[in-house]
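> What follows is a structure written as structure tokens; I'll ask about it next.
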Amino acid sequence: MDLDWTYRPRRRRRRGCFVWSGLVLLLAVYLYIQRPDWLVRQPPPPATTPTPSALYYQTKAEAHIAAGNFSEAAAALERMAELEPENAYPLVALAKLHLMARQVEQAYVLTQKAVRLEDKNVAALAMHARVLDWRGNYDSASDFAFQALELEPDNPDVLAVLGEIYSDVGNYPVASEYLEEALAIDPSNVMARRNLGYLYEIQKDFERAIAEYARAVELAPNRPDLFIELGRQYEHQEEWGLAIESYERAVEAGETAFALDALGWALWQSNDFLQALRILRRAAELEPENGLVLAHLGMAYYRRLNYESAAETMERAASFLDEDELNAQFTLILGLSHVLKKPQECDLGVPWLRKTLEYAPGLSSALYGLRQCSSS
């Protein structure tokens with residue numbers, strides 16, 4: 001007999017299937033109502049941003065310095081110092097920037113800390129020696145410089161600092177030896193080239209000083225301090241056009257109070273008093289407690305016959321200047337400003353005029369001011 005392969009036996013229905021299906025349905029409804037976290041679409045977790053390292057800020061600072069962006073470089077170095085408080089490098093680099101802007105005391109605080117952190121760090125020792133030299137502490141400066149030299153006898157920066165120290169104490173032959181040795185090791189060392197120009201300047205050999213400062217500018221064309229020192233050589237020779245041009249390039253490289261003051265004072269000495277006043281105002285805005293900048297601004301006000309502003313500004317300048325920074329020119333303008341202003345203030349002006357006569361006995365303009373007060 002043939003079998004029908006399409007035949008299937010009939011299955012029995014089981015009540016258990018209905019029960020389980022119902023339970024599953026109820027569970028699904030319950031879970032939907034409760035909506036646990038794993039059923040709800042969650043937003044993606046925020047992407048983590050890596051925290052910049054100290055090395056990142058060091059690289060950033062070096063790039064800014066190379067580009068002449070010194071304020072940005074300082075900010076990066078300060079951040080690096082926060083991240084690595086035991087690292088002397090950012091402190092030394094910041095001190096260099098402060099010296100470029102003639103902020104010697106700020107640089108001193110930084111190099112002191114750097115040497116305390118790493119007393120065998122050649123860069124820290126050399127920079128601290130240089131800052132001490134600029135403060136007039138020549139014995140201490142040479143001590144730190146020779147410590148650095150013992151650690152690295154062929155370091156051109158250390159040799160350049162020793163050349164600067166010996167220049168300042170008047171031992172020119174030894175200064176020249178150190179600077180020539182530094183340049184023999186590294187002819188492109190900016191500090192050694194600058195310090196050799198400084199040595200010639202002290203000896204009043206301005207032609208050779210100009211040549212060395214010009215070489216330093218070629219090596220570091222983004223440094224405003226080098227343009228200022230080059231301009232100073234032109235001032236010595238009363239080449240005011242070249243001096244002003246050099247100072248303008250300094251301001252273009254970095255608008256610091258130091259650069260603006262140099263430009264404004266050169267304009268004043270070339271009798272462009274209106275332009276000098278504008279530039280010196282800007283310098284005083286940047287550093288309102290800089291006595292030298294304020295003194296130059298006060299003299300600019302005086303030449304514009306604004307005696308009230310001249311007297312006020314010169315008084316502020318005198319409060320920030322040390323005794324050895326005062327001179328007959330400053331005290332004379334301060335005294336005459338009080339005498340010539342309205343109302344006249346002889347009680348404030350006379351002491352300054354008498355001090356002027358201590359600097360320059362018999363100075364006719366000081367005697368004139370005293371006569372104005374005695375007659376009134």
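Starting from 1 in every chain, residues are counted up; chains themselves are A, B, ... following the order of the structure tokens, and ligands are numbered from 1 as listed.
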Need to verify the contact set: Glu180 in chain A, 10 Å, only C-alpha atoms, exclusion of same-chain residues closer than 4 positions in sequence. Can you return it as a PyMOL selection string?
chain A and resi 156+159-160+163+174-176+184-187+192-193+196
> Filtering to C-alpha atoms, could you give me those residues as a PDB file, in the first residue's frame?

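The result, written out as part.pdb:
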ATOM      1  CA  PRO A 156      78.319  80.288  25.807  1.00  0.00           C
ATOM      2  CA  LEU A 159      80.580  83.055  29.354  1.00  0.00           C
ATOM      3  CA  ALA A 160      78.420  85.877  27.977  1.00  0.00           C
ATOM      4  CA  GLY A 163      81.571  89.145  30.038  1.00  0.00           C
ATOM      5  CA  VAL A 174      88.702  90.155  30.900  1.00  0.00           C
ATOM      6  CA  ALA A 175      85.194  90.991  29.694  1.00  0.00           C
ATOM      7  CA  SER A 176      86.403  90.894  26.108  1.00  0.00           C
ATOM      8  CA  ALA A 184      84.045  81.261  19.307  1.00  0.00           C
ATOM      9  CA  ILE A 185      81.883  78.455  20.699  1.00  0.00           C
ATOM     10  CA  ASP A 186      78.629  79.830  19.236  1.00  0.00           C
ATOM     11  CA  PRO A 187      78.891  82.748  16.777  1.00  0.00           C
ATOM     12  CA  ALA A 192      77.168  87.236  23.711  1.00  0.00           C
ATOM     13  CA  ARG A 193      76.708  89.424  20.619  1.00  0.00           C
ATOM     14  CA  LEU A 196      79.931  92.654  23.154  1.00  0.00           C
TER      15      LEU A 196
END
> Any idea what's packed within 12 Å of Tyr368 in chain A, counting only C-alpha atoms, ignoring anything in its chain fewer than 4 positions away? Could you give it as a short mmCIF file (atom, residue, chain, number, x, y, z; two decimals) with N, CA and C atoms, in the first residue's frame?

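So the final result, stored in around-v4.cif, reads:
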data_model
loop_
_atom_site.label_atom_id
_atom_site.label_comp_id
_atom_site.auth_asym_id
_atom_site.auth_seq_id
_atom_site.Cartn_x
_atom_site.Cartn_y
_atom_site.Cartn_z
N LEU A 332 64.56 120.02 38.19
CA LEU A 332 64.31 121.37 37.67
C LEU A 332 62.91 121.48 37.10
N GLY A 335 60.35 121.41 39.90
CA GLY A 335 60.27 122.67 40.63
C GLY A 335 59.62 123.77 39.81
N LEU A 336 60.02 123.93 38.56
CA LEU A 336 59.46 124.99 37.71
C LEU A 336 57.98 124.76 37.42
N VAL A 339 56.13 126.27 40.18
CA VAL A 339 56.27 127.72 40.21
C VAL A 339 55.44 128.39 39.12
N LEU A 340 55.34 127.76 37.95
CA LEU A 340 54.68 128.38 36.80
C LEU A 340 53.20 128.04 36.70
N VAL A 350 60.01 125.24 45.51
CA VAL A 350 61.31 125.72 45.97
C VAL A 350 62.24 124.60 46.43
N LEU A 353 63.82 123.06 43.42
CA LEU A 353 64.78 123.94 42.76
C LEU A 353 66.10 124.01 43.54
N ARG A 354 66.00 124.00 44.86
CA ARG A 354 67.23 123.99 45.66
C ARG A 354 67.99 122.68 45.49
N LEU A 357 70.01 122.84 42.38
CA LEU A 357 71.28 123.56 42.52
C LEU A 357 72.35 122.71 43.21
N GLY A 362 74.54 126.97 40.44
CA GLY A 362 74.51 128.14 39.57
C GLY A 362 73.64 128.01 38.34
N LEU A 363 72.85 126.93 38.22
CA LEU A 363 72.01 126.73 37.04
C LEU A 363 71.01 127.89 36.93
N SER A 364 71.05 128.62 35.82
CA SER A 364 70.28 129.86 35.69
C SER A 364 68.78 129.64 35.76
N GLN A 372 61.37 133.97 41.04
CA GLN A 372 59.92 134.13 40.82
C GLN A 372 59.17 133.97 42.14
N CYS A 373 59.61 133.04 42.94
CA CYS A 373 58.92 132.81 44.22
C CYS A 373 59.25 133.90 45.24
N SER A 374 60.49 134.35 45.26
CA SER A 374 60.87 135.38 46.24
C SER A 374 60.19 136.71 45.93
N SER A 375 59.97 136.98 44.62
CA SER A 375 59.33 138.23 44.26
C SER A 375 57.84 138.22 44.52
#
> What is the CA of Ala67 in chain A to CA of His98 in chain A distance in Å?
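Straight-line distance from CA of Ala67 in chain A to CA of His98 in chain A works out to 17.1 Å.
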> Could you build a table of the residues in range 71-188 of chain A lying no more than 10 Å from range 202-216 of chain A, giving for each the nearest pair of atoms and their separation in Å rounded to one decimal place, using only C-alpha atoms, ordered by chain and ascending residue number, as a tab-separated table?

residue	atom	partner	partner_atom	distance
A:Ser167	CA	A:Ile202	CA	7.7
A:Asp168	CA	A:Ile202	CA	8.4
A:Gly170	CA	A:Ile202	CA	8.8
A:Tyr172	CA	A:Gln203	CA	8.5
A:Ser188	CA	A:Ala216	CA	8.3
